[in-house]
Amino acid sequence: MRECVKAFISDIDLRETIIPYAAAAVDLISGEQVVLKKGPLITAVMASCAVPGFLPPIRWNGQILVDGGVVDAVPARLVRDGGANVVIAVDVGLAFYQPFNIEDGIDVINRAAEIMNFHLSRQSRDCADVLIEPPVRHVEWVNFFHYKELIHMGEKAAESKIDEIRKLLQHPFRKKVFRWIKKYV
């Protein structure tokens, strides 16, 4: 997995990214949310992608880290508390795939996690200035075979919010930030 991530991003320190970046994870030892703001970028990305049961946790700084979605599927509040003036969040609606067959203990655990994530994301998404919601709820989140369709739906959902985003960026300070982002992205 590390080699795959290395193919897409440089192994720099989080503090060296052009656009400030932080990764959300959860420490399996303490149960606390961890915001990674310094240290190896690849380690942070891997920790924030370590979905329990699918990808192994990442051991770092005496912690065992997994995907931050365990406690906050839409970390808009985390971004707002981190100082962001404008928060654009994406909710892919991990919960409530239908129909859902509950045939064994694993199905019970998966369904309980989906319900928990649904309710947790509702609390945080209210902190977003713009909320993008691709209509992907018909695809079970562990089904990776529909990725092209899902990417297309995400692009369309983002495009539908462009006017709303532009309106938010009309403030003089925000215009300056937007020009800076366009320069580097």
# chains A, B, ... in the order shown; residues from 1 in each chain; ligands from 1

$ select_by_dssp --residues "segment 26-166 of chain A" --states "strand (DSSP E)" --output "VMD selection string"
chain A and resid 26 to 27 33 to 36 58 to 60 63 to 67 88 to 90 130 to 132

$ write_last_selection --atoms "N, CA and C atoms" --output "mmCIF file, in the first residue's frame"
data_model
loop_
_atom_site.group_PDB
_atom_site.id
_atom_site.type_symbol
_atom_site.label_atom_id
_atom_site.label_comp_id
_atom_site.auth_asym_id
_atom_site.auth_seq_id
_atom_site.Cartn_x
_atom_site.Cartn_y
_atom_site.Cartn_z
ATOM 1 N N VAL A 26 -7.925 8.056 13.904
ATOM 2 C CA VAL A 26 -8.368 7.701 15.250
ATOM 3 C C VAL A 26 -7.338 6.745 15.823
ATOM 4 N N ASP A 27 -6.942 6.989 17.069
ATOM 5 C CA ASP A 27 -6.006 6.105 17.766
ATOM 6 C C ASP A 27 -6.800 4.963 18.389
ATOM 7 N N GLN A 33 -9.733 11.026 18.546
ATOM 8 C CA GLN A 33 -9.446 11.520 17.207
ATOM 9 C C GLN A 33 -8.054 12.146 17.219
ATOM 10 N N VAL A 34 -7.297 11.926 16.159
ATOM 11 C CA VAL A 34 -5.945 12.453 16.039
ATOM 12 C C VAL A 34 -5.893 13.253 14.745
ATOM 13 N N VAL A 35 -5.398 14.480 14.833
ATOM 14 C CA VAL A 35 -5.219 15.305 13.645
ATOM 15 C C VAL A 35 -3.726 15.386 13.384
ATOM 16 N N LEU A 36 -3.307 14.810 12.270
ATOM 17 C CA LEU A 36 -1.888 14.786 11.917
ATOM 18 C C LEU A 36 -1.562 16.043 11.114
ATOM 19 N N ILE A 58 -1.997 1.935 11.035
ATOM 20 C CA ILE A 58 -0.643 2.471 10.917
ATOM 21 C C ILE A 58 -0.121 2.767 12.320
ATOM 22 N N ARG A 59 1.009 2.191 12.644
ATOM 23 C CA ARG A 59 1.650 2.457 13.937
ATOM 24 C C ARG A 59 2.574 3.647 13.775
ATOM 25 N N TRP A 60 2.338 4.684 14.609
ATOM 26 C CA TRP A 60 3.147 5.891 14.512
ATOM 27 C C TRP A 60 3.087 6.641 15.839
ATOM 28 N N GLN A 63 1.095 5.270 18.680
ATOM 29 C CA GLN A 63 -0.334 5.146 18.450
ATOM 30 C C GLN A 63 -0.590 4.097 17.371
ATOM 31 N N ILE A 64 -1.802 3.577 17.352
ATOM 32 C CA ILE A 64 -2.250 2.679 16.290
ATOM 33 C C ILE A 64 -3.410 3.404 15.609
ATOM 34 N N LEU A 65 -3.139 3.910 14.406
ATOM 35 C CA LEU A 65 -4.063 4.832 13.747
ATOM 36 C C LEU A 65 -4.875 4.175 12.640
ATOM 37 N N VAL A 66 -6.162 4.541 12.590
ATOM 38 C CA VAL A 66 -7.066 4.115 11.528
ATOM 39 C C VAL A 66 -7.804 5.334 10.986
ATOM 40 N N ASP A 67 -8.568 5.118 9.942
ATOM 41 C CA ASP A 67 -9.346 6.156 9.269
ATOM 42 C C ASP A 67 -10.140 7.009 10.261
ATOM 43 N N ILE A 88 -15.748 23.535 2.471
ATOM 44 C CA ILE A 88 -16.492 22.816 1.451
ATOM 45 C C ILE A 88 -16.345 21.339 1.794
ATOM 46 N N ALA A 89 -17.461 20.706 2.113
ATOM 47 C CA ALA A 89 -17.439 19.306 2.556
ATOM 48 C C ALA A 89 -18.130 18.422 1.526
ATOM 49 N N VAL A 90 -17.726 17.165 1.523
ATOM 50 C CA VAL A 90 -18.340 16.168 0.644
ATOM 51 C C VAL A 90 -18.864 15.043 1.526
ATOM 52 N N VAL A 130 -20.506 24.920 2.217
ATOM 53 C CA VAL A 130 -21.044 24.270 1.027
ATOM 54 C C VAL A 130 -20.945 22.766 1.259
ATOM 55 N N LEU A 131 -22.027 22.068 1.008
ATOM 56 C CA LEU A 131 -22.046 20.619 1.174
ATOM 57 C C LEU A 131 -22.327 19.974 -0.177
ATOM 58 N N ILE A 132 -21.383 19.174 -0.629
ATOM 59 C CA ILE A 132 -21.524 18.455 -1.891
ATOM 60 C C ILE A 132 -21.947 17.032 -1.547
#

$ residues_around --residues "Met153 of chain A" --least-positions-apart "2" --cutoff "12 Å" --atoms "only C-alpha atoms" --output "list in words"
Val92, Ile132, Glu133, Pro134, Pro135, Val136, Arg137, His138, Val139, His146, Tyr147, Lys148, Glu149, Leu150, Ile151, Glu155, Lys156, Ala157, Ala158, Glu159 and Ser160 of chain A

$ select_by_dssp --residues "chain A" --states "alpha helix (DSSP H)" --output "PyMOL selection string"
chain A and resi 2-6+41-49+76-81+105-125+147-159+162-168+172-184

$ atom_distance --atom1 "atom CA of Phe54 of chain A" --atom2 "atom CA of Gly31 of chain A"
18.7 Å
